[in-house]
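Asks: Data file my_file06.tsv (TSV, C-alpha atoms) is appended below.
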chain	number	residue	atom	x	y	z
A	1	MET	CA	19.79	-21.56	-10.42
A	2	ARG	CA	18.01	-18.37	-9.43
A	3	TYR	CA	14.25	-18.05	-9.55
A	4	HIS	CA	13.55	-14.55	-10.75
A	5	LYS	CA	10.20	-12.98	-11.49
A	6	ILE	CA	8.20	-15.62	-9.69
A	7	PRO	CA	4.94	-13.97	-8.59
A	8	ASP	CA	4.57	-13.54	-4.82
A	9	GLU	CA	1.28	-15.40	-5.09
A	10	ALA	CA	3.00	-18.51	-6.47
A	11	VAL	CA	5.55	-18.36	-3.65
A	12	ARG	CA	2.70	-17.97	-1.19
A	13	ARG	CA	1.13	-21.21	-2.41
A	14	LEU	CA	4.32	-23.31	-2.29
A	15	PRO	CA	4.20	-23.86	1.49
A	16	ILE	CA	0.55	-24.86	1.13
A	17	TYR	CA	1.51	-27.52	-1.43
A	18	LEU	CA	4.36	-28.58	0.82
A	19	ARG	CA	2.05	-29.03	3.79
A	20	ALA	CA	-0.33	-31.12	1.68
A	21	LEU	CA	2.56	-33.27	0.45
A	22	LEU	CA	3.93	-33.84	3.95
A	23	PHE	CA	0.43	-34.73	5.14
A	24	SER	CA	-0.07	-37.19	2.25
A	25	SER	CA	3.34	-38.69	2.91
A	26	GLU	CA	2.40	-39.25	6.56
A	27	GLN	CA	-0.61	-41.18	5.29
A	28	GLY	CA	1.72	-43.52	3.45
A	29	ARG	CA	1.22	-42.26	-0.10
A	30	ASN	CA	4.05	-42.15	-2.64
A	31	ASN	CA	2.41	-40.31	-5.53
A	32	ILE	CA	-0.26	-37.68	-5.88
A	33	SER	CA	-2.07	-36.38	-8.97
A	34	SER	CA	-2.31	-32.65	-9.58
A	35	ARG	CA	-6.07	-33.04	-9.21
A	36	ASP	CA	-5.79	-34.65	-5.75
A	37	LEU	CA	-3.22	-32.07	-4.70
A	38	ALA	CA	-5.51	-29.32	-6.01
A	39	ASN	CA	-8.50	-30.67	-4.08
A	40	PHE	CA	-6.38	-30.88	-0.97
A	41	VAL	CA	-5.22	-27.30	-1.25
A	42	GLY	CA	-8.37	-25.73	-2.69
A	43	VAL	CA	-7.06	-24.45	-6.03
A	44	ASN	CA	-7.51	-25.53	-9.67
A	45	PRO	CA	-5.18	-28.24	-11.05
A	46	TRP	CA	-4.00	-25.82	-13.77
A	47	GLN	CA	-2.93	-23.40	-11.05
A	48	ILE	CA	-0.69	-26.03	-9.51
A	49	ARG	CA	0.85	-26.94	-12.87
A	50	LYS	CA	1.39	-23.26	-13.62
A	51	ASP	CA	2.97	-22.60	-10.22
A	52	PHE	CA	5.34	-25.53	-10.62
A	53	SER	CA	6.19	-24.54	-14.19
A	54	TYR	CA	8.16	-21.59	-12.82
A	55	PHE	CA	10.60	-23.98	-11.24
A	56	GLY	CA	10.90	-26.87	-13.69
A	57	GLU	CA	9.14	-30.12	-14.58
A	58	PHE	CA	8.08	-32.16	-11.58
A	59	GLY	CA	5.21	-34.36	-12.70
A	60	THR	CA	4.90	-37.45	-14.87
A	61	PRO	CA	1.74	-37.60	-17.02
A	62	GLY	CA	-0.60	-40.31	-15.75
A	63	VAL	CA	1.45	-41.01	-12.64
A	64	GLY	CA	1.33	-37.62	-10.99
A	65	TYR	CA	3.93	-36.24	-8.68
A	66	ASN	CA	6.35	-38.25	-6.62
A	67	ILE	CA	5.57	-36.86	-3.17
A	68	GLU	CA	9.01	-37.21	-1.62
A	69	LYS	CA	10.80	-35.75	-4.62
A	70	LEU	CA	8.40	-32.85	-5.00
A	71	ALA	CA	8.48	-32.03	-1.27
A	72	LYS	CA	12.27	-32.02	-1.38
A	73	GLU	CA	12.26	-29.75	-4.43
A	74	ILE	CA	9.81	-27.27	-2.87
A	75	LYS	CA	11.87	-27.19	0.33
A	76	LYS	CA	14.92	-26.38	-1.74
A	77	ILE	CA	13.15	-23.59	-3.63
A	78	LEU	CA	11.87	-22.11	-0.37
A	79	LYS	CA	15.30	-22.52	1.26
A	80	LEU	CA	13.71	-24.74	3.87
A	81	ASP	CA	16.19	-27.54	3.20
A	82	ILE	CA	18.38	-26.15	5.97
A	83	ILE	CA	17.36	-25.41	9.55
A	84	GLN	CA	16.39	-21.75	9.78
A	85	LYS	CA	16.80	-20.09	13.16
A	86	VAL	CA	14.10	-17.64	14.19
A	87	ALA	CA	13.91	-15.01	16.92
A	88	LEU	CA	10.66	-14.00	18.58
A	89	VAL	CA	10.24	-10.47	19.89
A	90	GLY	CA	7.36	-9.94	22.32
A	91	ALA	CA	6.48	-12.62	24.84
A	92	GLY	CA	2.92	-11.58	25.63
A	93	ASN	CA	-0.12	-13.76	24.95
A	94	LEU	CA	0.51	-13.98	21.23
A	95	GLY	CA	4.27	-14.48	21.60
A	96	SER	CA	3.69	-17.21	24.17
A	97	ALA	CA	1.27	-18.90	21.78
A	98	VAL	CA	3.92	-18.74	19.06
A	99	LEU	CA	6.52	-20.32	21.37
A	100	ALA	CA	4.08	-23.10	22.26
A	101	TYR	CA	3.17	-23.71	18.62
A	102	THR	CA	4.40	-27.09	17.44
A	103	GLY	CA	3.94	-26.55	13.72
A	104	PHE	CA	7.29	-24.88	12.93
A	105	ARG	CA	9.44	-28.01	12.98
A	106	ILE	CA	8.04	-29.62	9.84
A	107	TYR	CA	9.24	-26.61	7.83
A	108	GLY	CA	12.66	-26.75	9.41
A	109	PHE	CA	12.25	-23.75	11.70
A	110	ASP	CA	13.98	-23.51	15.06
A	111	ILE	CA	12.66	-20.78	17.35
A	112	ALA	CA	16.07	-20.14	18.86
A	113	ALA	CA	15.57	-16.99	20.94
A	114	ALA	CA	12.84	-14.88	22.52
A	115	PHE	CA	12.96	-11.25	23.64
A	116	ASP	CA	10.75	-8.92	25.64
A	117	ALA	CA	10.97	-5.28	26.70
A	118	ASP	CA	9.45	-6.04	30.12
A	119	PRO	CA	12.26	-6.61	32.68
A	120	LYS	CA	9.87	-8.77	34.73
A	121	LYS	CA	9.62	-11.25	31.86
A	122	VAL	CA	13.36	-11.45	31.21
A	123	GLY	CA	14.83	-14.72	32.44
A	124	ARG	CA	11.49	-16.54	32.48
A	125	LYS	CA	11.35	-19.71	30.44
A	126	ILE	CA	8.67	-20.62	27.94
A	127	LYS	CA	9.06	-24.05	26.31
A	128	ASP	CA	12.77	-24.23	27.28
A	129	ILE	CA	13.51	-20.80	25.83
A	130	ALA	CA	14.72	-18.18	28.29
A	131	ILE	CA	13.36	-14.72	27.51
A	132	GLU	CA	16.08	-12.15	26.93
A	133	ALA	CA	16.12	-8.37	27.19
A	134	VAL	CA	15.63	-6.54	23.89
A	135	SER	CA	19.05	-4.98	24.48
A	136	ASN	CA	20.37	-8.41	23.45
A	137	LEU	CA	18.96	-8.07	19.92
A	138	PRO	CA	22.34	-7.00	18.43
A	139	THR	CA	23.64	-10.53	19.22
A	140	LEU	CA	21.35	-12.06	16.55
A	141	ARG	CA	23.88	-11.71	13.74
A	142	LYS	CA	26.62	-13.67	15.42
A	143	ARG	CA	24.10	-16.29	16.56
A	144	GLY	CA	23.18	-16.91	12.92
A	145	ILE	CA	19.55	-15.81	13.32
A	146	ASN	CA	18.22	-14.23	10.10
A	147	LEU	CA	14.48	-14.44	10.67
A	148	ALA	CA	12.27	-12.85	13.30
A	149	ILE	CA	8.66	-12.79	14.43
A	150	ILE	CA	7.31	-9.50	15.78
A	151	ALA	CA	4.56	-9.94	18.38
A	152	VAL	CA	4.85	-6.63	20.23
A	153	PRO	CA	2.17	-3.97	20.75
A	154	ARG	CA	1.45	-1.78	17.73
A	155	GLY	CA	3.33	1.21	19.15
A	156	ALA	CA	6.57	-0.74	19.50
A	157	ALA	CA	6.50	-2.51	16.12
A	158	GLN	CA	8.53	-0.04	14.05
A	159	GLN	CA	11.34	0.38	16.57
A	160	THR	CA	11.48	-3.41	16.96
A	161	ALA	CA	11.77	-3.80	13.19
A	162	ASP	CA	14.52	-1.16	13.11
A	163	ALA	CA	16.49	-3.02	15.79
A	164	LEU	CA	16.03	-6.34	13.96
A	165	VAL	CA	17.23	-4.90	10.65
A	166	LYS	CA	20.23	-3.40	12.41
A	167	ALA	CA	20.97	-6.84	13.86
A	168	GLY	CA	21.09	-8.34	10.35
A	169	VAL	CA	17.63	-9.90	10.18
A	170	LYS	CA	16.53	-10.47	6.56
A	171	GLY	CA	12.94	-11.62	6.99
A	172	ILE	CA	10.21	-10.55	9.40
A	173	LEU	CA	6.82	-12.05	10.15
A	174	ASN	CA	4.86	-9.18	11.66
A	175	PHE	CA	1.81	-9.81	13.85
A	176	SER	CA	1.39	-6.19	14.92
A	177	PRO	CA	-1.61	-4.68	13.13
A	178	CYS	CA	0.34	-1.92	11.42
A	179	TYR	CA	2.61	-1.24	8.48
A	180	ILE	CA	6.31	-1.28	9.21
A	181	THR	CA	8.95	0.24	6.98
A	182	VAL	CA	12.18	-1.62	6.27
A	183	PRO	CA	14.97	-1.42	3.67
A	184	LYS	CA	14.20	-3.13	0.36
A	185	LYS	CA	16.52	-6.06	1.03
A	186	VAL	CA	14.39	-7.09	4.02
A	187	LYS	CA	11.14	-8.98	3.42
A	188	VAL	CA	8.20	-8.35	5.74
A	189	ILE	CA	5.03	-10.41	5.81
A	190	THR	CA	2.30	-8.87	7.95
A	191	ILE	CA	-0.35	-11.17	9.38
A	192	ASP	CA	-3.70	-9.60	10.15
A	193	ILE	CA	-5.98	-12.22	11.63
A	194	ALA	CA	-8.96	-9.89	11.21
A	195	MET	CA	-8.27	-9.86	7.48
A	196	ASP	CA	-8.48	-13.64	7.32
A	197	LEU	CA	-11.71	-13.53	9.27
A	198	ALA	CA	-12.95	-10.89	6.80
A	199	ARG	CA	-13.10	-13.49	4.03
A	200	LEU	CA	-15.56	-15.75	5.85
A	201	PRO	CA	-18.89	-13.89	5.66
A	202	TYR	CA	-18.61	-13.82	1.86
A	203	TYR	CA	-19.15	-17.58	1.80
A	204	MET	CA	-22.09	-17.57	4.15
A	205	PRO	CA	-25.55	-18.19	2.68
A	206	ALA	CA	-27.88	-15.19	2.72
A	207	SER	CA	-29.95	-15.38	5.90
B	208	MET	CA	-26.92	-9.70	-7.39
B	209	ARG	CA	-25.06	-12.91	-6.63
B	210	TYR	CA	-21.35	-13.28	-7.24
B	211	HIS	CA	-20.84	-16.79	-8.53
B	212	LYS	CA	-17.61	-18.39	-9.70
B	213	ILE	CA	-15.33	-15.78	-8.15
B	214	PRO	CA	-11.97	-17.46	-7.49
B	215	ASP	CA	-11.11	-17.90	-3.82
B	216	GLU	CA	-7.88	-16.06	-4.49
B	217	ALA	CA	-9.76	-12.94	-5.61
B	218	VAL	CA	-11.94	-13.10	-2.50
B	219	ARG	CA	-8.78	-13.51	-0.41
B	220	ARG	CA	-7.39	-10.26	-1.82
B	221	LEU	CA	-10.53	-8.16	-1.30
B	222	PRO	CA	-9.92	-7.62	2.45
B	223	ILE	CA	-6.35	-6.61	1.61
B	224	TYR	CA	-7.62	-3.96	-0.79
B	225	LEU	CA	-10.17	-2.90	1.81
B	226	ARG	CA	-7.50	-2.45	4.46
B	227	ALA	CA	-5.40	-0.35	2.08
B	228	LEU	CA	-8.43	1.79	1.24
B	229	LEU	CA	-9.35	2.35	4.89
B	230	PHE	CA	-5.73	3.25	5.63
B	231	SER	CA	-5.58	5.71	2.71
B	232	SER	CA	-8.88	7.21	3.81
B	233	GLU	CA	-7.48	7.76	7.32
B	234	GLN	CA	-4.66	9.69	5.67
B	235	GLY	CA	-7.20	12.05	4.15
B	236	ARG	CA	-7.16	10.79	0.57
B	237	ASN	CA	-10.29	10.69	-1.59
B	238	ASN	CA	-9.01	8.88	-4.67
B	239	ILE	CA	-6.42	6.24	-5.38
B	240	SER	CA	-5.01	4.97	-8.69
B	241	SER	CA	-4.86	1.23	-9.35
B	242	ARG	CA	-1.07	1.61	-9.46
B	243	ASP	CA	-0.92	3.19	-5.98
B	244	LEU	CA	-3.33	0.62	-4.63
B	245	ALA	CA	-1.23	-2.13	-6.23
B	246	ASN	CA	1.97	-0.78	-4.69
B	247	PHE	CA	0.28	-0.60	-1.34
B	248	VAL	CA	-0.93	-4.18	-1.49
B	249	GLY	CA	2.01	-5.72	-3.34
B	250	VAL	CA	0.31	-7.01	-6.48
B	251	ASN	CA	0.29	-5.93	-10.13
B	252	PRO	CA	-2.19	-3.21	-11.18
B	253	TRP	CA	-3.72	-5.60	-13.75
B	254	GLN	CA	-4.44	-8.04	-10.92
B	255	ILE	CA	-6.46	-5.39	-9.10
B	256	ARG	CA	-8.41	-4.48	-12.22
B	257	LYS	CA	-9.06	-8.16	-12.93
B	258	ASP	CA	-10.21	-8.83	-9.35
B	259	PHE	CA	-12.59	-5.89	-9.42
B	260	SER	CA	-13.88	-6.85	-12.88
B	261	TYR	CA	-15.67	-9.81	-11.28
B	262	PHE	CA	-17.88	-7.42	-9.37
B	263	GLY	CA	-18.48	-4.50	-11.75
B	264	GLU	CA	-16.85	-1.26	-12.84
B	265	PHE	CA	-15.42	0.76	-9.97
B	266	GLY	CA	-12.73	2.99	-11.47
B	267	THR	CA	-12.68	6.09	-13.67
B	268	PRO	CA	-9.81	6.24	-16.18
B	269	GLY	CA	-7.32	8.95	-15.21
B	270	VAL	CA	-8.95	9.61	-11.84
B	271	GLY	CA	-8.62	6.21	-10.25
B	272	TYR	CA	-10.92	4.79	-7.63
B	273	ASN	CA	-13.07	6.82	-5.28
B	274	ILE	CA	-11.87	5.41	-1.96
B	275	GLU	CA	-15.07	5.75	0.03
B	276	LYS	CA	-17.24	4.31	-2.74
B	277	LEU	CA	-14.89	1.39	-3.42
B	278	ALA	CA	-14.51	0.56	0.29
B	279	LYS	CA	-18.29	0.55	0.66
B	280	GLU	CA	-18.67	-1.71	-2.38
B	281	ILE	CA	-16.05	-4.18	-1.14
B	282	LYS	CA	-17.67	-4.28	2.29
B	283	LYS	CA	-20.97	-5.10	0.62
B	284	ILE	CA	-19.45	-7.87	-1.49
B	285	LEU	CA	-17.76	-9.36	1.58
B	286	LYS	CA	-20.95	-8.97	3.64
B	287	LEU	CA	-19.03	-6.76	6.03
B	288	ASP	CA	-21.59	-3.95	5.68
B	289	ILE	CA	-23.39	-5.37	8.72
B	290	ILE	CA	-21.93	-6.12	12.14
B	291	GLN	CA	-20.92	-9.79	12.21
B	292	LYS	CA	-20.91	-11.46	15.62
B	293	VAL	CA	-18.09	-13.90	16.28
B	294	ALA	CA	-17.56	-16.54	18.96
B	295	LEU	CA	-14.12	-17.56	20.19
B	296	VAL	CA	-13.54	-21.10	21.43
B	297	GLY	CA	-10.37	-21.63	23.46
B	298	ALA	CA	-9.18	-18.95	25.86
B	299	GLY	CA	-5.53	-19.99	26.17
B	300	ASN	CA	-2.62	-17.80	25.11
B	301	LEU	CA	-3.72	-17.58	21.50
B	302	GLY	CA	-7.40	-17.08	22.37
B	303	SER	CA	-6.50	-14.35	24.85
B	304	ALA	CA	-4.41	-12.65	22.17
B	305	VAL	CA	-7.39	-12.82	19.81
B	306	LEU	CA	-9.65	-11.24	22.44
B	307	ALA	CA	-7.13	-8.46	23.02
B	308	TYR	CA	-6.70	-7.84	19.30
B	309	THR	CA	-8.08	-4.45	18.31
B	310	GLY	CA	-8.11	-4.96	14.55
B	311	PHE	CA	-11.52	-6.64	14.21
B	312	ARG	CA	-13.64	-3.52	14.53
B	313	ILE	CA	-12.66	-1.90	11.25
B	314	TYR	CA	-14.10	-4.89	9.40
B	315	GLY	CA	-17.30	-4.76	11.42
B	316	PHE	CA	-16.59	-7.79	13.60
B	317	ASP	CA	-17.87	-8.03	17.15
B	318	ILE	CA	-16.27	-10.77	19.24
B	319	ALA	CA	-19.46	-11.42	21.16
B	320	ALA	CA	-18.69	-14.56	23.15
B	321	ALA	CA	-15.79	-16.70	24.37
B	322	PHE	CA	-15.77	-20.31	25.50
B	323	ASP	CA	-13.31	-22.66	27.18
B	324	ALA	CA	-13.40	-26.30	28.25
B	325	ASP	CA	-11.47	-25.56	31.46
B	326	PRO	CA	-13.93	-24.98	34.36
B	327	LYS	CA	-11.31	-22.84	36.09
B	328	LYS	CA	-11.42	-20.34	33.23
B	329	VAL	CA	-15.21	-20.14	33.04
B	330	GLY	CA	-16.50	-16.87	34.48
B	331	ARG	CA	-13.20	-15.02	34.09
B	332	LYS	CA	-13.31	-11.87	32.06
B	333	ILE	CA	-10.96	-10.94	29.24
B	334	LYS	CA	-11.56	-7.51	27.71
B	335	ASP	CA	-15.11	-7.36	29.12
B	336	ILE	CA	-16.03	-10.77	27.76
B	337	ALA	CA	-16.90	-13.40	30.34
B	338	ILE	CA	-15.67	-16.86	29.39
B	339	GLU	CA	-18.44	-19.42	29.15
B	340	ALA	CA	-18.45	-23.20	29.41
B	341	VAL	CA	-18.39	-25.02	26.06
B	342	SER	CA	-21.70	-26.58	27.10
B	343	ASN	CA	-23.15	-23.15	26.25
B	344	LEU	CA	-22.20	-23.48	22.56
B	345	PRO	CA	-25.74	-24.56	21.52
B	346	THR	CA	-26.93	-21.04	22.46
B	347	LEU	CA	-25.00	-19.48	19.55
B	348	ARG	CA	-27.86	-19.83	17.07
B	349	LYS	CA	-30.37	-17.86	19.10
B	350	ARG	CA	-27.72	-15.24	19.91
B	351	GLY	CA	-27.26	-14.61	16.18
B	352	ILE	CA	-23.62	-15.73	16.12
B	353	ASN	CA	-22.72	-17.30	12.75
B	354	LEU	CA	-18.93	-17.09	12.82
B	355	ALA	CA	-16.40	-18.68	15.15
B	356	ILE	CA	-12.67	-18.75	15.81
B	357	ILE	CA	-11.16	-22.04	16.96
B	358	ALA	CA	-8.11	-21.61	19.20
B	359	VAL	CA	-8.17	-24.93	21.05
B	360	PRO	CA	-5.44	-27.60	21.21
B	361	ARG	CA	-5.12	-29.77	18.12
B	362	GLY	CA	-6.80	-32.76	19.74
B	363	ALA	CA	-9.96	-30.81	20.52
B	364	ALA	CA	-10.32	-29.04	17.18
B	365	GLN	CA	-12.60	-31.49	15.36
B	366	GLN	CA	-15.05	-31.92	18.23
B	367	THR	CA	-15.15	-28.14	18.65
B	368	ALA	CA	-15.92	-27.73	14.95
B	369	ASP	CA	-18.67	-30.37	15.21
B	370	ALA	CA	-20.27	-28.52	18.14
B	371	LEU	CA	-20.06	-25.20	16.27
B	372	VAL	CA	-21.66	-26.63	13.13
B	373	LYS	CA	-24.42	-28.14	15.26
B	374	ALA	CA	-24.96	-24.69	16.80
B	375	GLY	CA	-25.53	-23.19	13.35
B	376	VAL	CA	-22.12	-21.63	12.74
B	377	LYS	CA	-21.49	-21.05	9.01
B	378	GLY	CA	-17.88	-19.88	8.97
B	379	ILE	CA	-14.86	-20.97	11.02
B	380	LEU	CA	-11.40	-19.47	11.32
B	381	ASN	CA	-9.26	-22.36	12.56
B	382	PHE	CA	-5.97	-21.73	14.34
B	383	SER	CA	-5.40	-25.36	15.31
B	384	PRO	CA	-2.66	-26.86	13.17
B	385	CYS	CA	-4.84	-29.63	11.71
B	386	TYR	CA	-7.45	-30.29	9.09
B	387	ILE	CA	-11.03	-30.24	10.28
B	388	THR	CA	-13.92	-31.76	8.42
B	389	VAL	CA	-17.23	-29.90	8.14
B	390	PRO	CA	-20.32	-30.09	5.92
B	391	LYS	CA	-19.99	-28.37	2.54
B	392	LYS	CA	-22.21	-25.45	3.51
B	393	VAL	CA	-19.71	-24.41	6.21
B	394	LYS	CA	-16.56	-22.52	5.19
B	395	VAL	CA	-13.34	-23.17	7.10
B	396	ILE	CA	-10.19	-21.09	6.78
B	397	THR	CA	-7.21	-22.64	8.55
B	398	ILE	CA	-4.40	-20.36	9.64
B	399	ASP	CA	-0.97	-21.92	9.94
B	400	ILE	CA	1.48	-19.30	11.13
B	401	ALA	CA	4.38	-21.63	10.32
B	402	MET	CA	3.22	-21.63	6.70
B	403	ASP	CA	3.40	-17.86	6.54
B	404	LEU	CA	6.87	-17.99	8.05
B	405	ALA	CA	7.77	-20.61	5.43
B	406	ARG	CA	7.56	-17.99	2.68
B	407	LEU	CA	10.25	-15.76	4.17
B	408	PRO	CA	13.52	-17.61	3.54
B	409	TYR	CA	12.76	-17.66	-0.19
B	410	TYR	CA	13.29	-13.91	-0.30
B	411	MET	CA	16.51	-13.93	1.66
B	412	PRO	CA	19.73	-13.31	-0.23
B	413	ALA	CA	22.05	-16.30	-0.50
B	414	SER	CA	24.49	-16.12	2.40
Can I see the file as structure tokens?
Replies:
Amino acid sequence: MRYHKIPDEAVRRLPIYLRALLFSSEQGRNNISSRDLANFVGVNPWQIRKDFSYFGEFGTPGVGYNIEKLAKEIKKILKLDIIQKVALVGAGNLGSAVLAYTGFRIYGFDIAAAFDADPKKVGRKIKDIAIEAVSNLPTLRKRGINLAIIAVPRGAAQQTADALVKAGVKGILNFSPCYITVPKKVKVITIDIAMDLARLPYYMPAS
Amino acid sequence: MRYHKIPDEAVRRLPIYLRALLFSSEQGRNNISSRDLANFVGVNPWQIRKDFSYFGEFGTPGVGYNIEKLAKEIKKILKLDIIQKVALVGAGNLGSAVLAYTGFRIYGFDIAAAFDADPKKVGRKIKDIAIEAVSNLPTLRKRGINLAIIAVPRGAAQQTADALVKAGVKGILNFSPCYITVPKKVKVITIDIAMDLARLPYYMPAS
């Protein structure tokens, strides 16, 4: 089954639901109502039902969702039911923070390689991962690495993306504060932490 | 004018529109159609028109949006038309990356203070900001700092949030991979970089 025409926004919310489900499961729950799930995530219950409706029928009226079943289904939709290998490019402060981040495992991600342009950093180990020269990027394809995180300075972002695409990477999480251009078959998600911060003042009471 | 009942999702998109407008302005453009803006941001044109409809009428049929005027209006809605001072707590790898990040300025943010629990880090300077002891957090109120970024280890996140709330902080951007509990009047946005990564495999072609 292919899931065409699903809005990006619905896809964006699926990992949020998944995190809430995994968290509820850890707390020993078996079922969750769409209202509880909605409260947990911060959306309306109808939004959840609408998002899920793109993919099939998951809930039972009055009983709610079976957490384990729904989590499994979402993982399958998001292709997180297999271990996904990820490469990190840029082992500066941000890249090091990414390597130290423990939250990837629950989604099935394995940060399998790290690269840096600085020869002084090559060979150093961060969290058991030896940093490689960027000239090694072409090896990604044969190592089965299809995803990459870009954490290089702004000026090096586009050339990094180009090298990743050439090496067969299909999805890029970009932390450099700039737009990068890639072929249509490659998906880029750019994270701008300032943009997340930019939502906060809206909610502050007038002073 | 107060903007009640605006969905969080619409508020979330406003900074994205703002970034696109500022970028288009840099490129010397004066006007932008909702279709161009939509392409830029990756949503449907009707979504943009709907989002803006919560706040008033900004576009002229056939001419599109005046970029400068719309950017100014969005800044006002988001309360980004004044400089917002921000405190950072946690000066590890991630915190240092935040301090080095140059993207805050365009939204009017001033990272005005940084704190760390490690006495060895206190007094060090990162990008002209001297790191202070967390015991200084109660000074935030009188320094006019209402926003904070939490970049501490998971185990210290809740107590950091408690100290920030006590110091009068009204908005928190949380990078610790955990839920933190705050009074209703305080807004928390939690960033989970693994969750952003979790959207990527969905878009990858079946291999």
Asks: Find the residues of chain B that sit at most 7 Å from chain A; for each, write down the nearest two atoms and how far apart they are in Å, to one decimal. Count all atoms listed in the file. Sort by chain, then by number going up, and give it as JSON lines.
Replies:
{"residue": "B:Val218", "atom": "CA", "partner": "A:Arg199", "partner_atom": "CA", "distance": 6.6}
{"residue": "B:Arg219", "atom": "CA", "partner": "A:Arg199", "partner_atom": "CA", "distance": 6.2}
{"residue": "B:Pro222", "atom": "CA", "partner": "A:Met195", "partner_atom": "CA", "distance": 5.7}
{"residue": "B:Ile223", "atom": "CA", "partner": "A:Met195", "partner_atom": "CA", "distance": 7.0}
{"residue": "B:Ile284", "atom": "CA", "partner": "A:Tyr202", "partner_atom": "CA", "distance": 6.9}
{"residue": "B:Leu285", "atom": "CA", "partner": "A:Tyr202", "partner_atom": "CA", "distance": 4.5}
{"residue": "B:Lys286", "atom": "CA", "partner": "A:Tyr202", "partner_atom": "CA", "distance": 5.7}
{"residue": "B:Asn300", "atom": "CA", "partner": "A:Asn93", "partner_atom": "CA", "distance": 4.8}
{"residue": "B:Leu301", "atom": "CA", "partner": "A:Ala97", "partner_atom": "CA", "distance": 5.2}
{"residue": "B:Ser303", "atom": "CA", "partner": "A:Asn93", "partner_atom": "CA", "distance": 6.4}
{"residue": "B:Ala304", "atom": "CA", "partner": "A:Leu94", "partner_atom": "CA", "distance": 5.2}
{"residue": "B:Gly310", "atom": "CA", "partner": "A:Ala194", "partner_atom": "CA", "distance": 6.0}
{"residue": "B:Phe311", "atom": "CA", "partner": "A:Ala194", "partner_atom": "CA", "distance": 5.1}
{"residue": "B:Tyr314", "atom": "CA", "partner": "A:Ala198", "partner_atom": "CA", "distance": 6.6}
{"residue": "B:Lys377", "atom": "CA", "partner": "A:Met204", "partner_atom": "CA", "distance": 6.0}
{"residue": "B:Gly378", "atom": "CA", "partner": "A:Leu200", "partner_atom": "CA", "distance": 5.7}
{"residue": "B:Leu380", "atom": "CA", "partner": "A:Leu197", "partner_atom": "CA", "distance": 6.3}
{"residue": "B:Pro384", "atom": "CA", "partner": "A:Gly103", "partner_atom": "CA", "distance": 6.6}
{"residue": "B:Lys394", "atom": "CA", "partner": "A:Tyr203", "partner_atom": "CA", "distance": 6.5}
{"residue": "B:Ala401", "atom": "CA", "partner": "A:Phe104", "partner_atom": "CA", "distance": 5.1}
{"residue": "B:Met402", "atom": "CA", "partner": "A:Pro15", "partner_atom": "CA", "distance": 5.8}
{"residue": "B:Leu404", "atom": "CA", "partner": "A:Leu173", "partner_atom": "CA", "distance": 6.3}
{"residue": "B:Ala405", "atom": "CA", "partner": "A:Pro15", "partner_atom": "CA", "distance": 6.2}
{"residue": "B:Arg406", "atom": "CA", "partner": "A:Arg12", "partner_atom": "CA", "distance": 6.2}
{"residue": "B:Leu407", "atom": "CA", "partner": "A:Gly171", "partner_atom": "CA", "distance": 5.7}
{"residue": "B:Pro408", "atom": "CA", "partner": "A:Lys79", "partner_atom": "CA", "distance": 5.7}
{"residue": "B:Tyr409", "atom": "CA", "partner": "A:Leu78", "partner_atom": "CA", "distance": 4.5}
{"residue": "B:Tyr410", "atom": "CA", "partner": "A:Lys187", "partner_atom": "CA", "distance": 6.5}
{"residue": "B:Met411", "atom": "CA", "partner": "A:Lys170", "partner_atom": "CA", "distance": 6.0}
Asks: Fewer than 5 positions away in the same chain doesn't count, so skip those; otherwise give me all residues within 12 Å of Ile338 (chain B), counting only C-alpha atoms, as a ChimeraX atom specification.
Replies: /B:294-299,302-303,306,318-333,343-344
Asks: Write the residues of the selection above to a file with C-alpha atoms, as a compact mmCIF listing (two decimals), in the frame of the given file.
Replies:
# COMPACT_ATOMS: atom_id res chain seq x y z
CA ALA B 294 -17.56 -16.54 18.96
CA LEU B 295 -14.12 -17.56 20.19
CA VAL B 296 -13.54 -21.10 21.43
CA GLY B 297 -10.37 -21.63 23.46
CA ALA B 298 -9.18 -18.95 25.86
CA GLY B 299 -5.53 -19.99 26.17
CA GLY B 302 -7.40 -17.08 22.37
CA SER B 303 -6.50 -14.35 24.85
CA LEU B 306 -9.65 -11.24 22.44
CA ILE B 318 -16.27 -10.77 19.24
CA ALA B 319 -19.46 -11.42 21.16
CA ALA B 320 -18.69 -14.56 23.15
CA ALA B 321 -15.79 -16.70 24.37
CA PHE B 322 -15.77 -20.31 25.50
CA ASP B 323 -13.31 -22.66 27.18
CA ALA B 324 -13.40 -26.30 28.25
CA ASP B 325 -11.47 -25.56 31.46
CA PRO B 326 -13.93 -24.98 34.36
CA LYS B 327 -11.31 -22.84 36.09
CA LYS B 328 -11.42 -20.34 33.23
CA VAL B 329 -15.21 -20.14 33.04
CA GLY B 330 -16.50 -16.87 34.48
CA ARG B 331 -13.20 -15.02 34.09
CA LYS B 332 -13.31 -11.87 32.06
CA ILE B 333 -10.96 -10.94 29.24
CA ASN B 343 -23.15 -23.15 26.25
CA LEU B 344 -22.20 -23.48 22.56
Asks: So how far away is CA of Leu229 (chain B) from CA of Gly351 (chain B), in Å?
Replies: 27.1 Å
Asks: Can you tell me how far CA of Asn238 (chain B) sits from CA of Lys276 (chain B), in Å to one decimal?
Replies: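 Separation between CA of Asn238 (chain B) and CA of Lys276 (chain B): 9.6 Å.
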Asks: Report the distance between CA of Ser53 (chain A) and CA of Lys72 (chain A) in Å, rounded to one decimal place.
Replies: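 These two atoms are separated by 16.0 Å.
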